[in-house]
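Note sheet for the following structure.
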Amino acid sequence: MVKNSFETFDAQELKIQKNTQLKPLIPEKDMVFGKYFTDHMITAEWSAEKGWASPHIKPYGKLELEPSSVVFHYGFECFEGMKAYKDPQGHVRLFRPEMNMERLNKSSARLGMPTFDHEEFMKVITEFLRIEDRWISTKRGYSLYLRPTIIGTQTALGVRAPDTALLFVIASPAGPYFSTGFTAVKLLATTDYVRAWPHGTGDCKVGGNYAPCVKPQSIAAEKGYHQNLWLFGEDDEVTEAGTMNFFMLWENFDTGRRELVTPPLNGLILPGVTRDSILKLVKSWEAETGIYVREGKITMEDILKATREKRVIEMFGAGTACIVSPIKCINYKGEDIQIPLGLTKTDCEAGPLTQKINDAILDIQYGLVDHPFSHVII
């Protein structure tokens, strides 16, 4: 490796301490997202004085931090969410991991914290997954969720770029998001709170974007809705659906063509890996489906008008956890707007395009089709 320690850590210097007391595997029926964790974790320390230290794989355990660490006071924290899959041949795969690496670096830099070399980090993650292989199921819908995180650890009060930081990765076995088939969600369009604003951190995956959303989500739940639909500006521009990117399949009023539209990456939107994958896949299907793909501004007035004119065909959120989540209702200013699901069968609350996207991405993730989105690492 030619880069120095101030640019990245060196995977060749990886130190491994294996856990001698392995945990029992979690029965599939008992899997709850984010509740159980594997036997090991990755850590790598950084300091402004010395740069990156050697990365470690060691037994999963508690972090020891001073109460004055800046992560506790000023929100110096960013993270990623990605999954490892096992194909029918037993190979371990990752889905577009380079995008997660790039986004984590972007988020860390936005907070004045260190960055790393994508390839070196992927080498460390590969060794980690080699050790944790027994936690990765071959069953469709099951995976090992990875949570890379960077926190500021400087032990001094004062708002400034931290001079020490810690990168760590933990892993949690995950089952299907919809264990018994798709269940469409109801959203409360939120006008009293905003998730993000221009030139802020809405396009980064930082902890400070999430905690402030819990109260509005609780309000939505009390009113019988699953999530918020985040709006922005005087014209109630649609941004995100809960923690998911927003998509709508409709008939465009001006062109008359069927169009899958999603809000643009204007700084308010997290550049989701699933979002980008959906755009590329649906664009590649245009000749087959006749569906055009567009990134463009969507307002609640657009949705209201389109539903009145019966031009909305399907609507869904998208993200790593669920891939796609159908939307069946939006409450806006006290009125429930019913969204068609485009159902093709009565036992599935997902329209044809939503189902096609979900099936296509699952096939890629589990290596059932050969596609550049899927990376065999072991």
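Each chain in the structure tokens gets a letter, A, B and so on, in the order shown; residues start at 1 in every chain, and ligands are counted from 1 in the order they appear.
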Show which residues sit within 12 Å of A:Lys62, as a PyMOL selection string. Count only C-alpha atoms, and ignore same-chain residues fewer than 2 positions away.
chain A and resi 40-41+43+58-60+64-65+168+170
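Non-sequential neighbours of A:Val206 (distance at most 7 Å, separation of 4 or more positions within a chain, only C-alpha atoms) are Glu77, Cys78, Phe79 and Ser107 of chain A.
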For this session: May I have all residues of stretch 144-258 of chain A that DSSP, computed from the backbone, assigns to strand (DSSP E or B), given as a PyMOL selection string?
Result: chain A and resi 144-152+155+164-174+179+181+185-190+206+227-232+237-241+244-251+258
With a distance cut-off of 12 Å and only C-alpha atoms, select the neighbouring residues of A:Ser137, excluding the residue or stretch itself and same-chain residues fewer than 4 positions from it, and output the selection as a PDB file with all heavy atoms, in the first residue's frame.
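Heads up, here's the output in part.pdb:
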ATOM      1  N   LEU A  25     -26.404 -19.298  17.686  1.00  0.00           N
ATOM      2  CA  LEU A  25     -27.093 -18.623  16.583  1.00  0.00           C
ATOM      3  C   LEU A  25     -28.555 -18.377  16.953  1.00  0.00           C
ATOM      4  O   LEU A  25     -29.157 -19.146  17.703  1.00  0.00           O
ATOM      5  CB  LEU A  25     -27.015 -19.459  15.309  1.00  0.00           C
ATOM      6  CG  LEU A  25     -25.612 -19.652  14.718  1.00  0.00           C
ATOM      7  CD1 LEU A  25     -25.679 -20.548  13.492  1.00  0.00           C
ATOM      8  CD2 LEU A  25     -24.974 -18.316  14.366  1.00  0.00           C
ATOM      9  N   ILE A  26     -29.110 -17.310  16.423  1.00  0.00           N
ATOM     10  CA  ILE A  26     -30.496 -16.942  16.729  1.00  0.00           C
ATOM     11  C   ILE A  26     -31.441 -17.714  15.818  1.00  0.00           C
ATOM     12  O   ILE A  26     -31.276 -17.677  14.591  1.00  0.00           O
ATOM     13  CB  ILE A  26     -30.706 -15.422  16.539  1.00  0.00           C
ATOM     14  CG1 ILE A  26     -29.660 -14.630  17.344  1.00  0.00           C
ATOM     15  CG2 ILE A  26     -32.124 -15.020  16.947  1.00  0.00           C
ATOM     16  CD1 ILE A  26     -29.662 -14.915  18.831  1.00  0.00           C
ATOM     17  N   PRO A  27     -32.444 -18.399  16.380  1.00  0.00           N
ATOM     18  CA  PRO A  27     -33.430 -19.065  15.523  1.00  0.00           C
ATOM     19  C   PRO A  27     -34.121 -18.049  14.613  1.00  0.00           C
ATOM     20  O   PRO A  27     -34.382 -16.909  15.022  1.00  0.00           O
ATOM     21  CB  PRO A  27     -34.417 -19.673  16.526  1.00  0.00           C
ATOM     22  CG  PRO A  27     -33.651 -19.789  17.801  1.00  0.00           C
ATOM     23  CD  PRO A  27     -32.691 -18.637  17.806  1.00  0.00           C
ATOM     24  N   GLU A  28     -34.403 -18.457  13.399  1.00  0.00           N
ATOM     25  CA  GLU A  28     -34.989 -17.530  12.427  1.00  0.00           C
ATOM     26  C   GLU A  28     -36.280 -16.909  12.937  1.00  0.00           C
ATOM     27  O   GLU A  28     -36.539 -15.723  12.702  1.00  0.00           O
ATOM     28  CB  GLU A  28     -35.237 -18.262  11.106  1.00  0.00           C
ATOM     29  CG  GLU A  28     -33.946 -18.639  10.398  1.00  0.00           C
ATOM     30  CD  GLU A  28     -34.175 -19.496   9.174  1.00  0.00           C
ATOM     31  OE1 GLU A  28     -35.344 -19.879   8.927  1.00  0.00           O
ATOM     32  OE2 GLU A  28     -33.205 -19.793   8.447  1.00  0.00           O
ATOM     33  N   MET A  31     -35.635 -13.747  15.166  1.00  0.00           N
ATOM     34  CA  MET A  31     -34.841 -12.620  14.686  1.00  0.00           C
ATOM     35  C   MET A  31     -35.649 -11.332  14.715  1.00  0.00           C
ATOM     36  O   MET A  31     -36.736 -11.248  14.150  1.00  0.00           O
ATOM     37  CB  MET A  31     -34.340 -12.882  13.265  1.00  0.00           C
ATOM     38  CG  MET A  31     -33.148 -13.797  13.203  1.00  0.00           C
ATOM     39  SD  MET A  31     -32.463 -13.872  11.535  1.00  0.00           S
ATOM     40  CE  MET A  31     -31.285 -15.192  11.735  1.00  0.00           C
ATOM     41  N   LYS A  83     -25.689  -4.831   3.878  1.00  0.00           N
ATOM     42  CA  LYS A  83     -25.966  -6.221   4.207  1.00  0.00           C
ATOM     43  C   LYS A  83     -25.047  -7.171   3.443  1.00  0.00           C
ATOM     44  O   LYS A  83     -24.696  -6.918   2.295  1.00  0.00           O
ATOM     45  CB  LYS A  83     -27.425  -6.569   3.878  1.00  0.00           C
ATOM     46  CG  LYS A  83     -28.453  -5.901   4.780  1.00  0.00           C
ATOM     47  CD  LYS A  83     -29.867  -6.292   4.374  1.00  0.00           C
ATOM     48  CE  LYS A  83     -30.912  -5.682   5.290  1.00  0.00           C
ATOM     49  NZ  LYS A  83     -32.291  -6.056   4.886  1.00  0.00           N
ATOM     50  N   ALA A  84     -24.703  -8.270   4.120  1.00  0.00           N
ATOM     51  CA  ALA A  84     -23.989  -9.374   3.487  1.00  0.00           C
ATOM     52  C   ALA A  84     -24.978 -10.500   3.244  1.00  0.00           C
ATOM     53  O   ALA A  84     -25.819 -10.804   4.101  1.00  0.00           O
ATOM     54  CB  ALA A  84     -22.848  -9.850   4.379  1.00  0.00           C
ATOM     55  N   TYR A  85     -24.891 -11.114   2.062  1.00  0.00           N
ATOM     56  CA  TYR A  85     -25.796 -12.179   1.651  1.00  0.00           C
ATOM     57  C   TYR A  85     -24.984 -13.423   1.298  1.00  0.00           C
ATOM     58  O   TYR A  85     -23.808 -13.329   0.946  1.00  0.00           O
ATOM     59  CB  TYR A  85     -26.610 -11.753   0.418  1.00  0.00           C
ATOM     60  CG  TYR A  85     -27.270 -10.410   0.564  1.00  0.00           C
ATOM     61  CD1 TYR A  85     -26.588  -9.238   0.247  1.00  0.00           C
ATOM     62  CD2 TYR A  85     -28.584 -10.303   1.013  1.00  0.00           C
ATOM     63  CE1 TYR A  85     -27.197  -7.995   0.381  1.00  0.00           C
ATOM     64  CE2 TYR A  85     -29.196  -9.069   1.142  1.00  0.00           C
ATOM     65  CZ  TYR A  85     -28.497  -7.915   0.832  1.00  0.00           C
ATOM     66  OH  TYR A  85     -29.089  -6.694   0.964  1.00  0.00           O
ATOM     67  N   LYS A  86     -25.629 -14.580   1.354  1.00  0.00           N
ATOM     68  CA  LYS A  86     -24.966 -15.817   0.946  1.00  0.00           C
ATOM     69  C   LYS A  86     -25.771 -16.442  -0.190  1.00  0.00           C
ATOM     70  O   LYS A  86     -26.976 -16.664  -0.056  1.00  0.00           O
ATOM     71  CB  LYS A  86     -24.839 -16.776   2.123  1.00  0.00           C
ATOM     72  CG  LYS A  86     -23.929 -17.976   1.841  1.00  0.00           C
ATOM     73  CD  LYS A  86     -23.709 -18.808   3.102  1.00  0.00           C
ATOM     74  CE  LYS A  86     -22.751 -18.127   4.068  1.00  0.00           C
ATOM     75  NZ  LYS A  86     -22.470 -18.989   5.242  1.00  0.00           N
ATOM     76  N   ASP A  87     -25.098 -16.705  -1.306  1.00  0.00           N
ATOM     77  CA  ASP A  87     -25.794 -17.255  -2.470  1.00  0.00           C
ATOM     78  C   ASP A  87     -25.928 -18.776  -2.349  1.00  0.00           C
ATOM     79  O   ASP A  87     -25.381 -19.390  -1.417  1.00  0.00           O
ATOM     80  CB  ASP A  87     -25.099 -16.823  -3.760  1.00  0.00           C
ATOM     81  CG  ASP A  87     -23.690 -17.389  -3.920  1.00  0.00           C
ATOM     82  OD1 ASP A  87     -23.404 -18.458  -3.339  1.00  0.00           O
ATOM     83  OD2 ASP A  87     -22.879 -16.772  -4.633  1.00  0.00           O
ATOM     84  N   PRO A  88     -26.649 -19.420  -3.253  1.00  0.00           N
ATOM     85  CA  PRO A  88     -26.870 -20.870  -3.152  1.00  0.00           C
ATOM     86  C   PRO A  88     -25.583 -21.687  -3.180  1.00  0.00           C
ATOM     87  O   PRO A  88     -25.562 -22.837  -2.714  1.00  0.00           O
ATOM     88  CB  PRO A  88     -27.745 -21.177  -4.375  1.00  0.00           C
ATOM     89  CG  PRO A  88     -28.466 -19.897  -4.650  1.00  0.00           C
ATOM     90  CD  PRO A  88     -27.475 -18.820  -4.322  1.00  0.00           C
ATOM     91  N   GLN A  89     -24.512 -21.143  -3.727  1.00  0.00           N
ATOM     92  CA  GLN A  89     -23.231 -21.840  -3.761  1.00  0.00           C
ATOM     93  C   GLN A  89     -22.404 -21.615  -2.499  1.00  0.00           C
ATOM     94  O   GLN A  89     -21.293 -22.139  -2.364  1.00  0.00           O
ATOM     95  CB  GLN A  89     -22.410 -21.394  -4.980  1.00  0.00           C
ATOM     96  CG  GLN A  89     -22.964 -21.882  -6.311  1.00  0.00           C
ATOM     97  CD  GLN A  89     -24.244 -21.157  -6.713  1.00  0.00           C
ATOM     98  OE1 GLN A  89     -24.346 -19.936  -6.560  1.00  0.00           O
ATOM     99  NE2 GLN A  89     -25.225 -21.907  -7.192  1.00  0.00           N
ATOM    100  N   GLY A  90     -22.939 -20.799  -1.563  1.00  0.00           N
ATOM    101  CA  GLY A  90     -22.245 -20.554  -0.306  1.00  0.00           C
ATOM    102  C   GLY A  90     -21.288 -19.385  -0.340  1.00  0.00           C
ATOM    103  O   GLY A  90     -20.562 -19.141   0.640  1.00  0.00           O
ATOM    104  N   HIS A  91     -21.266 -18.635  -1.444  1.00  0.00           N
ATOM    105  CA  HIS A  91     -20.401 -17.459  -1.528  1.00  0.00           C
ATOM    106  C   HIS A  91     -21.049 -16.273  -0.812  1.00  0.00           C
ATOM    107  O   HIS A  91     -22.265 -16.073  -0.886  1.00  0.00           O
ATOM    108  CB  HIS A  91     -20.138 -17.083  -2.982  1.00  0.00           C
ATOM    109  CG  HIS A  91     -19.406 -18.132  -3.763  1.00  0.00           C
ATOM    110  ND1 HIS A  91     -18.149 -18.567  -3.427  1.00  0.00           N
ATOM    111  CD2 HIS A  91     -19.771 -18.854  -4.857  1.00  0.00           C
ATOM    112  CE1 HIS A  91     -17.755 -19.491  -4.274  1.00  0.00           C
ATOM    113  NE2 HIS A  91     -18.725 -19.691  -5.159  1.00  0.00           N
ATOM    114  N   VAL A  92     -20.238 -15.471  -0.139  1.00  0.00           N
ATOM    115  CA  VAL A  92     -20.722 -14.275   0.544  1.00  0.00           C
ATOM    116  C   VAL A  92     -20.648 -13.099  -0.424  1.00  0.00           C
ATOM    117  O   VAL A  92     -19.626 -12.889  -1.096  1.00  0.00           O
ATOM    118  CB  VAL A  92     -19.894 -13.990   1.813  1.00  0.00           C
ATOM    119  CG1 VAL A  92     -20.359 -12.698   2.476  1.00  0.00           C
ATOM    120  CG2 VAL A  92     -20.014 -15.160   2.789  1.00  0.00           C
ATOM    121  N   ARG A  93     -21.731 -12.335  -0.478  1.00  0.00           N
ATOM    122  CA  ARG A  93     -21.850 -11.221  -1.416  1.00  0.00           C
ATOM    123  C   ARG A  93     -22.219  -9.930  -0.682  1.00  0.00           C
ATOM    124  O   ARG A  93     -22.899  -9.964   0.349  1.00  0.00           O
ATOM    125  CB  ARG A  93     -22.929 -11.511  -2.463  1.00  0.00           C
ATOM    126  CG  ARG A  93     -22.624 -12.665  -3.388  1.00  0.00           C
ATOM    127  CD  ARG A  93     -23.817 -13.044  -4.253  1.00  0.00           C
ATOM    128  NE  ARG A  93     -23.480 -14.043  -5.253  1.00  0.00           N
ATOM    129  CZ  ARG A  93     -23.129 -13.769  -6.504  1.00  0.00           C
ATOM    130  NH1 ARG A  93     -23.100 -12.502  -6.926  1.00  0.00           N
ATOM    131  NH2 ARG A  93     -22.823 -14.732  -7.346  1.00  0.00           N
ATOM    132  N   GLU A 132     -17.193 -14.354  10.582  1.00  0.00           N
ATOM    133  CA  GLU A 132     -18.596 -14.396  11.011  1.00  0.00           C
ATOM    134  C   GLU A 132     -19.487 -15.150  10.033  1.00  0.00           C
ATOM    135  O   GLU A 132     -20.710 -15.029  10.068  1.00  0.00           O
ATOM    136  CB  GLU A 132     -19.122 -12.952  11.171  1.00  0.00           C
ATOM    137  CG  GLU A 132     -18.347 -12.093  12.162  1.00  0.00           C
ATOM    138  CD  GLU A 132     -18.555 -12.516  13.598  1.00  0.00           C
ATOM    139  OE1 GLU A 132     -18.431 -13.718  13.898  1.00  0.00           O
ATOM    140  OE2 GLU A 132     -18.844 -11.651  14.436  1.00  0.00           O
ATOM    141  N   ASP A 133     -18.894 -15.957   9.182  1.00  0.00           N
ATOM    142  CA  ASP A 133     -19.618 -16.649   8.114  1.00  0.00           C
ATOM    143  C   ASP A 133     -20.828 -17.429   8.623  1.00  0.00           C
ATOM    144  O   ASP A 133     -21.878 -17.482   7.959  1.00  0.00           O
ATOM    145  CB  ASP A 133     -18.654 -17.594   7.392  1.00  0.00           C
ATOM    146  CG  ASP A 133     -19.336 -18.418   6.318  1.00  0.00           C
ATOM    147  OD1 ASP A 133     -19.499 -17.916   5.197  1.00  0.00           O
ATOM    148  OD2 ASP A 133     -19.731 -19.571   6.618  1.00  0.00           O
ATOM    149  N   GLY A 141     -34.125 -13.599   1.763  1.00  0.00           N
ATOM    150  CA  GLY A 141     -34.714 -12.678   2.730  1.00  0.00           C
ATOM    151  C   GLY A 141     -33.890 -12.513   3.984  1.00  0.00           C
ATOM    152  O   GLY A 141     -34.085 -11.559   4.739  1.00  0.00           O
ATOM    153  N   TYR A 142     -32.937 -13.427   4.215  1.00  0.00           N
ATOM    154  CA  TYR A 142     -32.083 -13.346   5.401  1.00  0.00           C
ATOM    155  C   TYR A 142     -30.710 -12.819   5.015  1.00  0.00           C
ATOM    156  O   TYR A 142     -30.206 -13.062   3.921  1.00  0.00           O
ATOM    157  CB  TYR A 142     -31.967 -14.722   6.068  1.00  0.00           C
ATOM    158  CG  TYR A 142     -33.248 -15.178   6.711  1.00  0.00           C
ATOM    159  CD1 TYR A 142     -34.245 -15.775   5.943  1.00  0.00           C
ATOM    160  CD2 TYR A 142     -33.486 -14.983   8.061  1.00  0.00           C
ATOM    161  CE1 TYR A 142     -35.446 -16.179   6.520  1.00  0.00           C
ATOM    162  CE2 TYR A 142     -34.681 -15.391   8.648  1.00  0.00           C
ATOM    163  CZ  TYR A 142     -35.652 -15.985   7.872  1.00  0.00           C
ATOM    164  OH  TYR A 142     -36.835 -16.371   8.444  1.00  0.00           O
ATOM    165  N   SER A 143     -30.081 -12.087   5.940  1.00  0.00           N
ATOM    166  CA  SER A 143     -28.795 -11.465   5.647  1.00  0.00           C
ATOM    167  C   SER A 143     -28.091 -11.132   6.957  1.00  0.00           C
ATOM    168  O   SER A 143     -28.636 -11.347   8.051  1.00  0.00           O
ATOM    169  CB  SER A 143     -29.006 -10.183   4.828  1.00  0.00           C
ATOM    170  OG  SER A 143     -29.814  -9.262   5.554  1.00  0.00           O
ATOM    171  N   LEU A 144     -26.883 -10.623   6.833  1.00  0.00           N
ATOM    172  CA  LEU A 144     -26.160 -10.107   7.994  1.00  0.00           C
ATOM    173  C   LEU A 144     -26.013  -8.601   7.809  1.00  0.00           C
ATOM    174  O   LEU A 144     -25.344  -8.144   6.885  1.00  0.00           O
ATOM    175  CB  LEU A 144     -24.790 -10.760   8.132  1.00  0.00           C
ATOM    176  CG  LEU A 144     -23.999 -10.366   9.391  1.00  0.00           C
ATOM    177  CD1 LEU A 144     -24.730 -10.811  10.650  1.00  0.00           C
ATOM    178  CD2 LEU A 144     -22.595 -10.961   9.355  1.00  0.00           C
ATOM    179  N   TYR A 145     -26.700  -7.856   8.661  1.00  0.00           N
ATOM    180  CA  TYR A 145     -26.680  -6.387   8.561  1.00  0.00           C
ATOM    181  C   TYR A 145     -25.400  -5.851   9.181  1.00  0.00           C
ATOM    182  O   TYR A 145     -25.037  -6.205  10.314  1.00  0.00           O
ATOM    183  CB  TYR A 145     -27.891  -5.818   9.292  1.00  0.00           C
ATOM    184  CG  TYR A 145     -28.012  -4.312   9.207  1.00  0.00           C
ATOM    185  CD1 TYR A 145     -28.586  -3.702   8.101  1.00  0.00           C
ATOM    186  CD2 TYR A 145     -27.534  -3.499  10.240  1.00  0.00           C
ATOM    187  CE1 TYR A 145     -28.690  -2.318   8.018  1.00  0.00           C
ATOM    188  CE2 TYR A 145     -27.634  -2.127  10.162  1.00  0.00           C
ATOM    189  CZ  TYR A 145     -28.213  -1.537   9.051  1.00  0.00           C
ATOM    190  OH  TYR A 145     -28.303  -0.171   8.980  1.00  0.00           O
ATOM    191  N   SER A 172     -25.408  -7.607  12.744  1.00  0.00           N
ATOM    192  CA  SER A 172     -26.622  -8.159  13.338  1.00  0.00           C
ATOM    193  C   SER A 172     -27.355  -9.020  12.315  1.00  0.00           C
ATOM    194  O   SER A 172     -27.629  -8.556  11.208  1.00  0.00           O
ATOM    195  CB  SER A 172     -27.529  -7.016  13.814  1.00  0.00           C
ATOM    196  OG  SER A 172     -28.752  -7.502  14.323  1.00  0.00           O
ATOM    197  N   PRO A 173     -27.677 -10.286  12.650  1.00  0.00           N
ATOM    198  CA  PRO A 173     -28.435 -11.115  11.712  1.00  0.00           C
ATOM    199  C   PRO A 173     -29.832 -10.559  11.499  1.00  0.00           C
ATOM    200  O   PRO A 173     -30.491 -10.124  12.449  1.00  0.00           O
ATOM    201  CB  PRO A 173     -28.479 -12.488  12.399  1.00  0.00           C
ATOM    202  CG  PRO A 173     -28.294 -12.193  13.851  1.00  0.00           C
ATOM    203  CD  PRO A 173     -27.409 -10.980  13.918  1.00  0.00           C
ATOM    204  N   ALA A 174     -30.275 -10.543  10.251  1.00  0.00           N
ATOM    205  CA  ALA A 174     -31.564  -9.927   9.915  1.00  0.00           C
ATOM    206  C   ALA A 174     -32.408 -10.882   9.087  1.00  0.00           C
ATOM    207  O   ALA A 174     -31.906 -11.585   8.213  1.00  0.00           O
ATOM    208  CB  ALA A 174     -31.337  -8.632   9.132  1.00  0.00           C
ATOM    209  N   GLY A 175     -33.712 -10.889   9.390  1.00  0.00           N
ATOM    210  CA  GLY A 175     -34.667 -11.682   8.626  1.00  0.00           C
ATOM    211  C   GLY A 175     -35.409 -10.820   7.628  1.00  0.00           C
ATOM    212  O   GLY A 175     -35.113  -9.632   7.463  1.00  0.00           O
ATOM    213  N   PRO A 176     -36.398 -11.362   6.953  1.00  0.00           N
ATOM    214  CA  PRO A 176     -37.168 -10.605   5.957  1.00  0.00           C
ATOM    215  C   PRO A 176     -37.890  -9.423   6.604  1.00  0.00           C
ATOM    216  O   PRO A 176     -38.435  -9.545   7.702  1.00  0.00           O
ATOM    217  CB  PRO A 176     -38.174 -11.628   5.417  1.00  0.00           C
ATOM    218  CG  PRO A 176     -37.616 -12.966   5.790  1.00  0.00           C
ATOM    219  CD  PRO A 176     -36.856 -12.758   7.057  1.00  0.00           C
ATOM    220  N   TYR A 366     -28.791 -12.128  -3.943  1.00  0.00           N
ATOM    221  CA  TYR A 366     -28.502 -13.524  -3.630  1.00  0.00           C
ATOM    222  C   TYR A 366     -27.824 -14.269  -4.774  1.00  0.00           C
ATOM    223  O   TYR A 366     -27.714 -15.488  -4.737  1.00  0.00           O
ATOM    224  CB  TYR A 366     -29.790 -14.238  -3.198  1.00  0.00           C
ATOM    225  CG  TYR A 366     -30.262 -13.751  -1.849  1.00  0.00           C
ATOM    226  CD1 TYR A 366     -31.168 -12.701  -1.748  1.00  0.00           C
ATOM    227  CD2 TYR A 366     -29.767 -14.305  -0.670  1.00  0.00           C
ATOM    228  CE1 TYR A 366     -31.571 -12.222  -0.513  1.00  0.00           C
ATOM    229  CE2 TYR A 366     -30.170 -13.834   0.574  1.00  0.00           C
ATOM    230  CZ  TYR A 366     -31.077 -12.793   0.642  1.00  0.00           C
ATOM    231  OH  TYR A 366     -31.473 -12.312   1.873  1.00  0.00           O
TER     232      TYR A 366
END
From stretch 82-324 of chain A, collect each residue whose DSSP state is helix (DSSP H, G or I) and return the set as an NGL selection string.
-> :A and (97-110 or 118-131 or 133-135 or 207-209 or 211-222 or 273-284 or 286-289 or 300-308)
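Neighbours of A:Ser68 closer than or equal to 12 Å, with only C-alpha atoms counted and sequence neighbours fewer than 5 positions away skipped, come out as A:His73, A:Tyr74, A:Gly152, A:Thr153, A:Gln154, A:Thr155, A:Ala156, A:Leu157, A:Gly158, A:Pro162.
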Please produce a file of those selected residues containing all heavy atoms, as a compact mmCIF listing (two decimals), in the first residue's frame.
# COMPACT_ATOMS: atom_id res chain seq x y z
N HIS A 73 -21.66 15.08 23.20
CA HIS A 73 -22.05 16.47 23.42
C HIS A 73 -22.43 17.22 22.14
O HIS A 73 -23.30 18.08 22.17
CB HIS A 73 -20.92 17.22 24.14
CG HIS A 73 -20.56 16.60 25.45
ND1 HIS A 73 -21.20 16.91 26.63
CD2 HIS A 73 -19.62 15.67 25.76
CE1 HIS A 73 -20.69 16.20 27.61
NE2 HIS A 73 -19.72 15.43 27.12
N TYR A 74 -21.76 16.89 21.04
CA TYR A 74 -21.94 17.69 19.83
C TYR A 74 -22.35 16.88 18.60
O TYR A 74 -22.38 17.42 17.49
CB TYR A 74 -20.66 18.48 19.54
CG TYR A 74 -20.16 19.26 20.74
CD1 TYR A 74 -18.95 18.95 21.35
CD2 TYR A 74 -20.93 20.28 21.29
CE1 TYR A 74 -18.50 19.65 22.45
CE2 TYR A 74 -20.50 20.98 22.40
CZ TYR A 74 -19.28 20.66 22.98
OH TYR A 74 -18.84 21.35 24.09
N GLY A 152 -16.53 10.83 16.98
CA GLY A 152 -15.48 11.67 17.53
C GLY A 152 -15.26 11.31 18.99
O GLY A 152 -16.21 11.21 19.77
N THR A 153 -14.01 11.08 19.38
CA THR A 153 -13.71 10.62 20.74
C THR A 153 -12.86 11.60 21.55
O THR A 153 -12.45 11.28 22.67
CB THR A 153 -12.99 9.26 20.69
OG1 THR A 153 -11.80 9.39 19.90
CG2 THR A 153 -13.90 8.20 20.09
N GLN A 154 -12.57 12.77 20.99
CA GLN A 154 -11.76 13.73 21.73
C GLN A 154 -12.38 14.02 23.09
O GLN A 154 -13.59 14.22 23.21
CB GLN A 154 -11.62 15.03 20.95
CG GLN A 154 -10.75 16.07 21.63
CD GLN A 154 -10.51 17.30 20.78
OE1 GLN A 154 -10.82 17.29 19.59
NE2 GLN A 154 -9.97 18.35 21.36
N THR A 155 -11.55 14.07 24.13
CA THR A 155 -12.05 14.24 25.50
C THR A 155 -11.85 15.68 25.95
O THR A 155 -11.05 15.97 26.84
CB THR A 155 -11.34 13.28 26.46
OG1 THR A 155 -9.92 13.50 26.38
CG2 THR A 155 -11.62 11.85 26.10
N ALA A 156 -12.57 16.57 25.32
CA ALA A 156 -12.52 17.98 25.69
C ALA A 156 -13.78 18.66 25.19
O ALA A 156 -14.22 18.41 24.07
CB ALA A 156 -11.28 18.66 25.09
N LEU A 157 -14.36 19.50 26.01
CA LEU A 157 -15.54 20.24 25.59
C LEU A 157 -15.13 21.39 24.68
O LEU A 157 -14.05 21.96 24.83
CB LEU A 157 -16.31 20.75 26.81
CG LEU A 157 -16.80 19.67 27.78
CD1 LEU A 157 -17.59 20.31 28.92
CD2 LEU A 157 -17.66 18.64 27.06
N GLY A 158 -16.01 21.74 23.77
CA GLY A 158 -15.72 22.79 22.80
C GLY A 158 -16.04 22.30 21.41
O GLY A 158 -15.67 21.17 21.04
N PRO A 162 -12.83 17.13 15.99
CA PRO A 162 -12.16 16.31 16.99
C PRO A 162 -10.77 15.86 16.53
O PRO A 162 -10.55 15.62 15.34
CB PRO A 162 -13.09 15.11 17.15
CG PRO A 162 -13.91 15.07 15.92
CD PRO A 162 -14.03 16.48 15.45
Using only C-alpha atoms, the shortest atom-to-atom distance to A:Gly61 among A:Phe37, A:Phe6, A:Phe246, A:Tyr177 belongs to A:Phe37
Name the closest residue to A:Trp197 among the candidates A:Leu268, A:Val376, A:Ile42, A:Val185; distances are taken between atoms, counting only C-alpha atoms.
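Ranking A:Leu268, A:Val376, A:Ile42, A:Val185 by distance to A:Trp197, first place goes to A:Leu268.
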For this session: With a distance cut-off of 10 Å and only C-alpha atoms, select the neighbouring residues of stretch 284-289 of chain A, excluding the residue or stretch itself and same-chain residues fewer than 3 positions from it, and output the selection as JSON, numbers by chain.
Result: {"A": [258, 259, 278, 279, 280, 281, 292, 293, 353]}
Residue selection dump (C-alpha atoms) as a compact mmCIF listing (two decimals), in the first residue's frame:
# COMPACT_ATOMS: atom_id res chain seq x y z
CA ARG A 258 -46.12 6.49 -17.40
CA GLU A 259 -43.30 7.79 -15.27
CA ILE A 278 -34.00 1.34 -8.60
CA LEU A 279 -33.42 4.26 -10.94
CA LYS A 280 -30.83 2.32 -12.94
CA LEU A 281 -32.87 -0.89 -13.08
CA TYR A 292 -39.86 6.47 -18.05
CA VAL A 293 -37.63 7.41 -15.09
CA LEU A 353 -43.69 -2.44 -10.50
#### Entry: atom CA of A:Thr262 to atom CA of A:Met248, straight-line distance in Å
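Going from atom CA of A:Met248 over to atom CA of A:Thr262, I get 6.6 Å.
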Quick one: everything within 7 Å of A:Gly272, counting only C-alpha atoms, minus sequence neighbours fewer than 2 positions away in the same chain. Send it as a PDB file with C-alpha atoms, in the first residue's frame.
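As written to disk, result.pdb reads:
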ATOM      1  CA  ASN A 245     -36.497   7.538  -0.329  1.00  0.00           C
ATOM      2  CA  LEU A 270     -30.135  11.028   1.316  1.00  0.00           C
ATOM      3  CA  THR A 274     -31.381   1.297  -3.110  1.00  0.00           C
ATOM      4  CA  ARG A 275     -32.680   4.552  -4.636  1.00  0.00           C
ATOM      5  CA  ASP A 276     -29.881   4.675  -7.177  1.00  0.00           C
ATOM      6  CA  GLY A 319     -34.177   1.648   1.521  1.00  0.00           C
TER       7      GLY A 319
END
